[in-house]
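query.cif follows (mmCIF, C-alpha atoms):
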data_protein
loop_
_atom_site.label_atom_id
_atom_site.label_comp_id
_atom_site.auth_asym_id
_atom_site.auth_seq_id
_atom_site.Cartn_x
_atom_site.Cartn_y
_atom_site.Cartn_z
CA MET J 171 0.00 0.00 0.00
CA PHE J 172 1.14 3.58 -0.60
CA GLY J 173 0.14 7.16 0.16
CA PRO J 174 -2.85 7.65 2.46
CA LEU J 175 -3.88 3.99 1.99
CA LYS J 176 -0.76 2.78 3.79
CA ALA J 177 -1.34 1.47 7.34
CA ALA J 178 -0.58 3.98 10.07
CA PRO J 179 2.66 3.13 11.96
CA ALA J 180 2.64 2.25 15.66
CA ALA J 181 2.94 5.26 17.94
CA PRO J 182 4.92 5.38 21.21
CA LEU J 183 3.03 3.46 23.90
CA ILE J 184 1.01 5.55 26.34
CA THR J 185 1.92 4.72 29.95
CA ASP J 186 -0.86 6.56 31.79
CA GLN J 187 -3.56 3.94 32.44
CA GLN J 188 -6.29 6.56 32.90
CA GLN J 189 -5.46 8.10 29.53
CA ILE J 190 -5.46 4.64 27.94
CA ASP J 191 -8.89 3.86 29.39
CA THR J 192 -10.34 7.22 28.35
CA THR J 193 -8.94 6.99 24.82
CA TYR J 194 -10.16 3.43 24.32
CA ARG J 195 -13.69 4.19 25.55
CA PHE J 196 -14.00 7.32 23.44
CA TRP J 197 -12.75 5.83 20.18
CA ARG J 198 -14.63 2.54 20.51
CA ILE J 199 -17.88 4.51 20.48
CA GLN J 200 -16.71 6.93 17.79
CA LEU J 201 -15.52 4.14 15.49
CA MET J 202 -18.69 2.12 15.93
CA PHE J 203 -20.83 5.14 15.08
CA THR J 204 -18.73 6.03 12.03
CA MET J 205 -18.51 2.46 10.71
CA TYR J 206 -22.25 2.07 11.24
CA ILE J 207 -23.16 5.15 9.21
CA GLY J 208 -20.58 4.36 6.55
CA TYR J 209 -21.63 0.78 5.93
CA ALA J 210 -25.32 1.67 5.94
CA VAL J 211 -24.61 4.14 3.11
CA PHE J 212 -22.58 1.50 1.24
CA TYR J 213 -25.89 -0.35 1.15
CA PHE J 214 -27.60 2.71 -0.32
CA THR J 215 -25.31 2.59 -3.35
CA ARG J 216 -25.37 -1.21 -3.56
CA LYS J 217 -29.12 -1.81 -3.44
CA SER J 218 -30.31 1.41 -5.09
CA PHE J 219 -30.55 -0.48 -8.38
CA ASN J 220 -32.91 -3.12 -6.97
CA TYR J 221 -35.55 -0.63 -5.91
CA ALA J 222 -35.31 1.44 -9.08
CA MET J 223 -35.42 -1.77 -11.16
CA PRO J 224 -39.20 -2.07 -11.82
CA SER J 225 -39.22 1.50 -13.22
CA MET J 226 -36.11 0.73 -15.31
CA LEU J 227 -37.82 -2.29 -16.86
CA LEU J 228 -40.64 -0.08 -18.16
CA ASP J 229 -38.54 2.93 -19.16
CA LEU J 230 -35.70 1.16 -20.97
CA GLY J 231 -37.61 -1.89 -22.22
CA LEU J 232 -35.26 -4.33 -20.50
CA GLN J 233 -36.03 -8.00 -19.86
CA LYS J 234 -35.84 -9.84 -16.54
CA ALA J 235 -32.87 -11.79 -17.89
CA ASP J 236 -31.03 -8.49 -18.53
CA ILE J 237 -31.63 -7.42 -14.94
CA GLY J 238 -30.61 -10.86 -13.69
CA MET J 239 -27.37 -10.73 -15.70
CA MET J 240 -26.52 -7.30 -14.26
CA GLY J 241 -27.08 -8.67 -10.78
CA THR J 242 -24.93 -11.73 -11.45
CA LEU J 243 -22.04 -9.69 -12.88
CA PHE J 244 -22.24 -7.30 -9.94
CA TYR J 245 -22.09 -10.07 -7.35
CA ILE J 246 -19.22 -11.90 -9.06
CA THR J 247 -17.21 -8.66 -9.24
CA TYR J 248 -18.12 -7.73 -5.68
CA GLY J 249 -17.18 -11.17 -4.32
CA CYS J 250 -13.77 -11.12 -6.04
CA SER J 251 -13.19 -7.55 -4.87
CA LYS J 252 -14.14 -8.50 -1.34
CA PHE J 253 -11.37 -11.10 -1.12
CA LEU J 254 -8.77 -8.94 -2.89
CA SER J 255 -9.73 -5.93 -0.79
CA GLY J 256 -9.61 -8.07 2.34
CA VAL J 257 -5.99 -9.00 1.67
CA MET J 258 -5.16 -5.35 0.91
CA SER J 259 -7.08 -3.88 3.86
CA ASP J 260 -5.17 -5.99 6.41
CA HIS J 261 -2.14 -3.83 5.53
CA SER J 262 -3.91 -0.53 4.86
CA ASN J 263 -5.43 2.36 6.79
CA PRO J 264 -9.20 1.71 7.15
CA ARG J 265 -9.75 5.45 7.43
CA TYR J 266 -9.03 6.11 3.77
CA PHE J 267 -9.58 2.64 2.33
CA MET J 268 -13.25 2.65 3.33
CA GLY J 269 -13.81 6.37 2.78
CA LEU J 270 -12.40 6.48 -0.75
CA GLY J 271 -14.31 3.32 -1.65
CA LEU J 272 -17.59 4.95 -0.64
CA LEU J 273 -16.73 8.13 -2.58
CA ALA J 274 -16.09 6.08 -5.72
CA THR J 275 -19.31 4.09 -5.47
CA GLY J 276 -21.29 7.33 -5.01
CA VAL J 277 -19.85 8.76 -8.24
CA ILE J 278 -20.63 5.52 -10.10
CA ASN J 279 -24.28 5.58 -8.94
CA ILE J 280 -24.67 9.08 -10.40
CA LEU J 281 -23.09 7.98 -13.71
CA PHE J 282 -25.39 4.93 -13.76
CA GLY J 283 -28.40 7.25 -13.51
CA LEU J 284 -27.15 9.18 -16.56
CA SER J 285 -26.81 6.05 -18.74
CA SER J 286 -29.27 4.18 -20.97
CA SER J 287 -27.18 1.62 -22.89
CA LEU J 288 -27.44 -1.91 -21.47
CA TRP J 289 -23.71 -2.50 -21.96
CA MET J 290 -22.79 0.76 -20.23
CA LEU J 291 -25.17 -0.04 -17.36
CA MET J 292 -23.55 -3.47 -16.97
CA LEU J 293 -20.03 -2.00 -17.04
CA LEU J 294 -20.84 0.67 -14.46
CA TRP J 295 -22.57 -1.81 -12.16
CA MET J 296 -19.58 -4.16 -12.30
CA LEU J 297 -17.33 -1.18 -11.43
CA ASN J 298 -19.67 -0.40 -8.56
CA GLY J 299 -19.25 -3.99 -7.37
CA PHE J 300 -15.47 -3.55 -7.32
CA PHE J 301 -15.58 -0.50 -5.04
CA GLN J 302 -18.34 -2.00 -2.89
CA GLY J 303 -15.71 -4.55 -1.86
CA TRP J 304 -13.86 -1.76 -0.05
CA GLY J 305 -16.52 -1.55 2.67
CA TRP J 306 -16.60 -4.80 4.65
CA PRO J 307 -12.87 -5.69 5.13
CA PRO J 308 -11.88 -2.41 6.84
CA CYS J 309 -14.80 -2.87 9.22
CA SER J 310 -13.75 -6.44 10.07
CA LYS J 311 -10.21 -5.18 10.74
CA LEU J 312 -11.49 -2.49 13.10
CA LEU J 313 -13.94 -4.85 14.84
CA THR J 314 -11.20 -7.40 15.56
CA SER J 315 -8.70 -4.70 16.59
CA TRP J 316 -10.84 -2.59 18.92
CA TYR J 317 -13.24 -5.17 20.46
CA SER J 318 -12.09 -8.38 22.17
CA ARG J 319 -13.25 -11.98 21.73
CA THR J 320 -15.56 -12.30 24.74
CA GLU J 321 -17.49 -9.14 23.86
CA ARG J 322 -17.19 -9.14 20.07
CA GLY J 323 -20.48 -10.93 19.39
CA PHE J 324 -22.37 -8.01 20.92
CA TRP J 325 -20.38 -5.26 19.19
CA TRP J 326 -20.27 -7.05 15.82
CA SER J 327 -24.02 -7.61 15.94
CA ILE J 328 -24.60 -3.90 16.58
CA TRP J 329 -22.44 -2.99 13.57
CA ASN J 330 -24.10 -5.67 11.46
CA THR J 331 -27.49 -4.00 11.88
CA SER J 332 -26.16 -1.17 9.69
CA HIS J 333 -27.03 -3.51 6.78
CA ASN J 334 -30.61 -3.49 7.94
CA VAL J 335 -30.89 0.23 8.64
CA GLY J 336 -29.55 0.96 5.18
CA GLY J 337 -31.63 -1.82 3.65
CA ALA J 338 -34.85 -0.68 5.34
CA LEU J 339 -34.38 2.96 4.31
CA ILE J 340 -33.53 2.15 0.67
CA PRO J 341 -37.02 1.01 -0.42
CA LEU J 342 -38.60 3.92 1.42
CA ILE J 343 -36.23 6.58 0.06
CA VAL J 344 -35.04 5.22 -3.29
CA GLY J 345 -38.33 3.47 -4.04
CA THR J 346 -40.32 6.64 -3.28
CA VAL J 347 -37.98 8.90 -5.25
CA ALA J 348 -37.97 6.47 -8.21
CA ALA J 349 -41.77 6.18 -8.17
CA THR J 350 -42.20 9.97 -7.97
CA TYR J 351 -39.34 11.39 -10.06
CA GLY J 352 -38.17 8.39 -12.09
CA TRP J 353 -35.47 5.77 -11.66
CA ARG J 354 -32.65 8.10 -12.67
CA MET J 355 -33.29 10.37 -9.71
CA GLY J 356 -33.52 7.21 -7.61
CA MET J 357 -29.85 6.60 -8.48
CA PHE J 358 -28.71 10.22 -8.06
CA VAL J 359 -29.90 10.59 -4.47
CA PRO J 360 -27.90 7.67 -2.94
CA GLY J 361 -24.89 8.72 -5.02
CA VAL J 362 -24.82 12.21 -3.51
CA ILE J 363 -25.35 10.81 0.02
CA ALA J 364 -22.43 8.40 -0.48
CA ILE J 365 -20.03 11.18 -1.54
CA VAL J 366 -20.84 13.22 1.57
CA ILE J 367 -20.50 10.26 3.96
CA GLY J 368 -17.31 9.08 2.22
CA LEU J 369 -15.69 12.39 3.18
CA PHE J 370 -17.00 11.92 6.72
CA LEU J 371 -15.30 8.49 6.94
CA CYS J 372 -11.96 9.93 5.83
CA TRP J 373 -12.28 12.45 8.66
CA ARG J 374 -13.46 10.28 11.57
CA LEU J 375 -12.12 6.73 11.14
CA ARG J 376 -8.80 5.61 12.65
CA ASP J 377 -6.40 2.64 12.29
CA ARG J 378 -5.48 0.01 14.94
CA PRO J 379 -5.15 0.97 18.62
CA GLN J 380 -1.36 0.64 18.38
CA SER J 381 -1.31 3.51 15.84
CA MET J 382 -2.60 5.75 18.64
CA GLY J 383 -0.12 4.55 21.27
CA LEU J 384 -2.57 2.12 22.89
CA PRO J 385 -1.91 -1.50 23.91
CA SER J 386 -3.80 -4.25 22.06
CA VAL J 387 -7.43 -4.73 23.03
CA GLY J 388 -6.65 -8.17 24.48
CA VAL J 389 -4.13 -6.64 26.87
CA TRP J 390 -6.41 -3.70 27.73
CA ARG J 391 -9.37 -5.96 28.59
CA ASN J 392 -7.23 -8.81 29.95
CA ASP J 393 -9.08 -11.15 27.59
CA LYS J 394 -7.19 -14.48 27.55
CA LEU J 395 -8.92 -15.76 24.40
CA GLU J 396 -8.03 -12.56 22.59
CA GLN J 397 -4.43 -12.65 23.80
CA ALA J 398 -4.10 -16.25 22.61
CA GLN J 399 -5.19 -15.22 19.10
CA GLU J 400 -2.89 -12.17 19.19
CA GLY J 401 0.02 -14.50 19.97
CA GLU J 402 -0.72 -16.84 17.05
CA GLY J 403 1.71 -17.10 14.15
CA GLN J 404 4.51 -14.93 15.51
CA GLY J 405 7.36 -14.54 13.04
CA LEU J 406 5.38 -15.67 9.99
CA SER J 407 5.40 -13.61 6.81
CA ASN J 408 2.18 -12.14 5.41
CA LYS J 409 2.17 -14.81 2.70
CA GLU J 410 2.56 -17.63 5.24
CA ILE J 411 -0.21 -16.18 7.42
CA LEU J 412 -2.56 -15.99 4.43
CA LYS J 413 -1.80 -19.59 3.41
CA ARG J 414 -1.94 -21.17 6.89
CA TYR J 415 -4.81 -19.25 8.47
CA VAL J 416 -7.05 -18.65 5.44
CA LEU J 417 -6.40 -20.66 2.27
CA THR J 418 -5.69 -24.03 3.98
CA ASN J 419 -7.90 -23.50 7.03
CA LYS J 420 -10.62 -26.19 6.98
CA TYR J 421 -12.92 -24.14 9.24
CA ILE J 422 -12.79 -21.24 6.79
CA TRP J 423 -13.72 -23.53 3.89
CA LEU J 424 -16.67 -24.99 5.79
CA LEU J 425 -17.96 -21.53 6.61
CA ALA J 426 -17.44 -20.43 3.00
CA PHE J 427 -19.60 -23.21 1.54
CA CYS J 428 -22.33 -22.49 4.07
CA TYR J 429 -22.19 -18.80 3.15
CA VAL J 430 -22.97 -19.65 -0.49
CA LEU J 431 -26.33 -21.11 0.47
CA VAL J 432 -27.20 -18.45 3.04
CA TYR J 433 -26.60 -15.74 0.44
CA ILE J 434 -28.73 -17.50 -2.16
CA VAL J 435 -31.64 -17.19 0.27
CA ARG J 436 -30.84 -13.67 1.41
CA THR J 437 -30.25 -12.24 -2.08
CA ALA J 438 -33.14 -14.04 -3.74
CA ILE J 439 -35.65 -12.74 -1.19
CA ASN J 440 -34.14 -9.25 -1.13
CA ASP J 441 -33.72 -8.80 -4.90
CA TRP J 442 -36.86 -10.52 -6.18
CA GLY J 443 -39.27 -10.01 -3.28
CA ASN J 444 -40.83 -6.79 -4.53
CA LEU J 445 -41.32 -8.26 -8.02
CA TYR J 446 -42.97 -11.33 -6.45
CA LEU J 447 -45.47 -9.16 -4.60
CA THR J 448 -46.25 -6.99 -7.63
CA GLU J 449 -46.69 -9.91 -10.04
CA GLN J 450 -48.25 -12.52 -7.79
CA TYR J 451 -50.52 -10.29 -5.72
CA GLY J 452 -50.83 -7.12 -7.81
CA TYR J 453 -49.46 -4.71 -5.20
CA SER J 454 -48.09 -1.32 -6.23
CA LEU J 455 -44.33 -0.84 -6.21
CA MET J 456 -44.51 1.38 -3.12
CA THR J 457 -46.67 -1.15 -1.24
CA ALA J 458 -44.38 -4.04 -2.20
CA ASN J 459 -41.27 -2.11 -1.17
CA SER J 460 -42.80 -1.23 2.20
CA ALA J 461 -43.42 -4.94 2.88
CA LEU J 462 -39.89 -5.79 1.79
CA SER J 463 -38.46 -3.17 4.14
CA LEU J 464 -39.64 -5.41 7.01
CA PHE J 465 -37.12 -7.99 5.79
CA GLU J 466 -34.42 -5.57 6.94
CA VAL J 467 -36.23 -4.69 10.17
CA GLY J 468 -36.38 -8.39 11.04
CA GLY J 469 -32.70 -8.70 10.16
CA PHE J 470 -31.90 -5.82 12.52
CA ILE J 471 -33.40 -7.69 15.46
CA GLY J 472 -32.10 -11.08 14.34
CA SER J 473 -28.50 -9.84 14.14
CA LEU J 474 -28.63 -8.49 17.68
CA VAL J 475 -30.18 -11.69 19.05
CA ALA J 476 -27.66 -13.90 17.23
CA GLY J 477 -24.60 -11.95 18.39
CA TRP J 478 -25.79 -11.52 21.97
CA GLY J 479 -26.98 -15.12 22.20
CA SER J 480 -23.71 -16.59 20.93
CA ASP J 481 -21.83 -14.63 23.63
CA LYS J 482 -24.36 -15.21 26.41
CA PHE J 483 -25.42 -18.83 25.95
CA PHE J 484 -22.53 -20.44 24.02
CA SER J 485 -19.47 -18.56 25.38
CA GLY J 486 -18.43 -17.16 21.99
CA ASN J 487 -19.07 -20.43 20.10
CA ARG J 488 -20.95 -19.31 16.96
CA GLY J 489 -21.89 -22.81 15.72
CA PRO J 490 -25.01 -23.66 17.77
CA MET J 491 -26.64 -20.28 17.20
CA ASN J 492 -25.89 -20.56 13.47
CA LEU J 493 -27.72 -23.90 13.31
CA ILE J 494 -30.76 -22.62 15.21
CA PHE J 495 -31.11 -19.72 12.80
CA ALA J 496 -30.61 -21.94 9.74
CA LEU J 497 -33.58 -24.06 10.78
CA GLY J 498 -35.60 -20.87 11.24
CA ILE J 499 -34.79 -19.81 7.66
CA LEU J 500 -36.23 -23.05 6.27
CA VAL J 501 -39.48 -22.77 8.23
CA SER J 502 -40.06 -19.08 7.45
CA VAL J 503 -39.34 -19.43 3.71
CA GLY J 504 -41.81 -22.31 3.58
CA ALA J 505 -44.41 -20.12 5.29
CA LEU J 506 -44.08 -17.35 2.67
CA TRP J 507 -44.27 -19.88 -0.16
CA LEU J 508 -47.24 -21.89 1.10
CA LEU J 509 -49.27 -19.09 2.71
CA PRO J 510 -52.88 -20.16 2.00
CA VAL J 511 -54.46 -16.69 2.14
CA HIS J 512 -53.89 -13.40 0.35
CA ASN J 513 -53.25 -11.03 3.24
CA TYR J 514 -50.77 -8.16 3.13
CA ILE J 515 -50.08 -8.20 6.87
CA LEU J 516 -49.24 -11.92 6.85
CA LEU J 517 -47.01 -11.53 3.78
CA ALA J 518 -45.17 -8.63 5.40
CA ALA J 519 -44.82 -10.68 8.60
CA CYS J 520 -43.22 -13.51 6.60
CA PHE J 521 -40.63 -11.13 5.17
CA PHE J 522 -39.93 -9.89 8.70
CA VAL J 523 -39.37 -13.42 10.06
CA ILE J 524 -37.19 -14.48 7.10
CA GLY J 525 -35.04 -11.39 7.65
CA PHE J 526 -34.76 -12.23 11.36
CA PHE J 527 -33.37 -15.69 10.68
CA VAL J 528 -31.27 -14.91 7.56
CA PHE J 529 -29.23 -12.11 9.09
CA GLY J 530 -28.19 -14.21 12.08
CA PRO J 531 -25.97 -16.59 10.03
CA GLN J 532 -25.07 -13.74 7.67
CA MET J 533 -23.43 -11.98 10.62
CA LEU J 534 -22.15 -14.97 12.60
CA ILE J 535 -20.40 -16.70 9.70
CA GLY J 536 -18.34 -13.60 8.89
CA MET J 537 -17.43 -13.13 12.54
CA ALA J 538 -16.56 -16.83 12.97
CA ALA J 539 -14.23 -16.60 9.95
CA ALA J 540 -12.35 -13.67 11.52
CA GLU J 541 -12.06 -15.53 14.84
CA CYS J 542 -10.87 -18.77 13.19
CA SER J 543 -8.08 -16.91 11.44
CA HIS J 544 -5.06 -14.78 12.37
CA LYS J 545 -5.38 -11.27 13.80
CA ASP J 546 -3.44 -9.91 10.82
CA ALA J 547 -5.62 -11.81 8.35
CA ALA J 548 -9.11 -10.89 9.61
CA GLY J 549 -9.86 -8.89 6.46
CA ALA J 550 -8.57 -11.68 4.21
CA ALA J 551 -10.57 -14.34 6.08
CA THR J 552 -13.84 -12.42 5.99
CA GLY J 553 -13.11 -11.39 2.41
CA PHE J 554 -12.50 -15.03 1.43
CA VAL J 555 -15.80 -16.30 2.83
CA GLY J 556 -17.39 -13.15 1.40
CA LEU J 557 -16.17 -14.20 -2.05
CA PHE J 558 -18.12 -17.44 -1.66
CA ALA J 559 -21.10 -15.57 -0.25
CA TYR J 560 -21.36 -13.49 -3.38
CA MET J 561 -20.98 -16.53 -5.57
CA GLY J 562 -24.24 -17.50 -3.88
CA ALA J 563 -25.59 -14.00 -4.47
CA ALA J 564 -24.60 -14.29 -8.15
CA LEU J 565 -26.62 -17.50 -8.39
CA ALA J 566 -29.62 -15.49 -7.18
CA GLY J 567 -29.27 -13.19 -10.21
CA TYR J 568 -29.39 -14.56 -13.76
CA PRO J 569 -29.88 -18.25 -12.80
CA ILE J 570 -32.84 -17.39 -10.56
CA ALA J 571 -34.27 -15.18 -13.34
CA LYS J 572 -34.23 -18.20 -15.67
CA VAL J 573 -35.82 -20.38 -12.97
CA ILE J 574 -38.64 -17.85 -12.63
CA GLU J 575 -38.99 -17.66 -16.41
CA PHE J 576 -39.38 -21.43 -16.86
CA TRP J 577 -40.88 -22.63 -13.58
CA HIS J 578 -42.42 -19.39 -12.27
CA TRP J 579 -42.55 -18.58 -8.56
CA ASN J 580 -42.91 -22.20 -7.41
CA GLY J 581 -39.52 -22.91 -8.96
CA PHE J 582 -38.11 -19.83 -7.23
CA PHE J 583 -39.26 -20.97 -3.79
CA THR J 584 -38.12 -24.55 -4.39
CA VAL J 585 -34.55 -23.33 -5.00
CA VAL J 586 -34.64 -21.02 -1.97
CA ALA J 587 -35.98 -23.75 0.34
CA LEU J 588 -33.32 -26.24 -0.80
CA ALA J 589 -30.59 -23.66 -0.17
CA ALA J 590 -31.97 -23.02 3.34
CA ALA J 591 -31.99 -26.74 4.14
CA GLY J 592 -28.48 -27.22 2.75
CA SER J 593 -27.04 -24.41 4.89
CA GLY J 594 -28.31 -26.15 8.01
CA LEU J 595 -26.74 -29.47 7.00
CA LEU J 596 -23.37 -27.85 6.32
CA LEU J 597 -23.33 -26.39 9.83
CA LEU J 598 -23.61 -29.79 11.54
CA PRO J 599 -19.87 -30.68 11.20
CA LEU J 600 -18.99 -27.25 12.60
CA LEU J 601 -20.79 -28.12 15.85
CA LYS J 602 -18.57 -31.17 16.32
CA VAL J 603 -15.42 -29.21 15.44
CA SER J 604 -16.32 -26.43 17.90
CA SER J 605 -17.09 -28.94 20.63
CA ASN J 606 -13.80 -30.80 20.15
CA ASN J 607 -11.76 -27.58 20.15
CA LYS J 608 -13.46 -26.38 23.31
#
Rewritten as structure tokens:
Amino acid sequence: MFGPLKAAPAAPLITDQQQIDTTYRFWRIQLMFTMYIGYAVFYFTRKSFNYAMPSMLLDLGLQKADIGMMGTLFYITYGCSKFLSGVMSDHSNPRYFMGLGLLATGVINILFGLSSSLWMLMLLWMLNGFFQGWGWPPCSKLLTSWYSRTERGFWWSIWNTSHNVGGALIPLIVGTVAATYGWRMGMFVPGVIAIVIGLFLCWRLRDRPQSMGLPSVGVWRNDKLEQAQEGEGQGLSNKEILKRYVLTNKYIWLLAFCYVLVYIVRTAINDWGNLYLTEQYGYSLMTANSALSLFEVGGFIGSLVAGWGSDKFFSGNRGPMNLIFALGILVSVGALWLLPVHNYILLAACFFVIGFFVFGPQMLIGMAAAECSHKDAAGAATGFVGLFAYMGAALAGYPIAKVIEFWHWNGFFTVVALAAAGSGLLLLPLLKVSSNNK
């Protein structure tokens, strides 16, 4: 890394314990607030397209397969960027890495709103996917650097709800703007917001505690589990750390395959849910988007419950809580599919419950990957499983569009239900592994 992207060097260690305590407490709150706002706005520029999509179909005469292909290309690019950015972010300054990424994605959203050619739209959306990958890895680095193992489930779950805040506001803001002023304005608004917040991130984020003269968080909190992870792999090169703790780590691979299936469910419901409600039940776009926003509200609560529960009831073991939530996904998806009555409140409730159970594993798997890896490879580990996650998301784009085209909505829900069941089965070996390690 070079220039402002280069990781901040370690500062002379502060010796005054009161100053250490005050600095840690202040910046832990400041960083959480800043990361929260920043990642929520990343979602604005990532999902803006989905809620402007029905208007785009009418205005530009696009087909569902065209939209599906754009989604697939975006997710493939984003997944690859997430891994590459994860490796880079472990040795960069999160302050500028995340901030500049958000600035770039804001500019691309504005350019997307000015375009009409299908090929240009695809190119811009792939470029957006590349810079979207600059959001998650810096956050995982900060979360593993500033919050220790025995408390991380709680803090990570709070940060993870930024997905849901951003996701819940998108259909209300972007969907309303697109329905009122057209889809182009629906892309301009999140783009401008992202540019402003990107500058805010460059101002308020910081690097690791050591760059501010603080001891590691494991030492500060006297967290033995954290100190054990901090002591792992001493003397290894960056390449050796990446190989040993990520690329050949069997726990990471198990989590990665599970992430594929979880993201098929999450992305399919999130990206196609409003179209399902408009086509199957005849709801207006605004009504469908308001129901879909409950998917994110449910995810907000589910993330908090999953993180807190894994700390409280399973002593930081993420496996059992992951399995409980995976079973919940299967039941709730089946309820939406087989609902015998046409009732808006019940349909909205189904989206809420699916969101509750989907965002538990979505959060826990990423956190488990960081905790199963090396402290200096947290971004690479979460980026690696994120690459697989967005392979699953890519499968929810063009392939799901073809499933809907040939087998209609019954085919759609069959695929989603099978993915939900498969994610639960893949988690079973992780329970045995976690138990043996403990």
- Message: Residues within 12 Å of Gly479 (chain J), please, as a list of chain:residue names. Count only C-alpha atoms; anything in the same chain fewer than 5 positions from it doesn't count.
- Response: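 Counting only the stated atoms, we get J:Glu321, J:Arg322, J:Gly323, J:Phe324, J:Ser327, J:Ile471, J:Gly472, J:Ser473, J:Leu474, J:Phe484, J:Ser485, J:Gly486, J:Asn487, J:Arg488, J:Gly489, J:Pro490, J:Met491, J:Asn492, J:Ile494, J:Phe495, J:Gly530, J:Leu534.
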- Residues in the PyMOL selection byres ((chain J and resi 408) around 12), expressed as number ranges by chain: J: 257-258, 260-261, 403-407, 409-416, 544-547, 550
- Task: Would you mind listing what lies within 7 Å of Phe244 (chain J) as a list of chain:residue names, with only C-alpha atoms counted and same-chain residues fewer than 2 positions away left out?
- Result: J:Met240, J:Gly241, J:Thr242, J:Ile246, J:Thr247, J:Tyr248, J:Trp295, J:Met296, J:Gly299
- Message: Report as an NGL selection string all protein, DNA and RNA residues lying within 9 Å of region 503-516 of chain J, evaluated on only C-alpha atoms, omitting residues in the same chain fewer than 3 positions from it.
- Response: :J and (435 or 451 or 461 or 498-500 or 519-521 or 523-524 or 579-580 or 583-584 or 586-587 or 590)
- Let me know the residues the PyMOL selection byres ((chain J and resi 252) around 8) catches in the file above, as an MDAnalysis selection string. chainID J and resid 248:251 253:256 300 302:304 306:307 553:554 556:557
- Task: Might you spell out which residues the PyMOL selection byres ((chain J and resi 462) around 9) would select in the displayed file, as number ranges by chain?
- Result: J: 338, 341, 439-440, 443-444, 457-461, 463-466, 518, 521-522
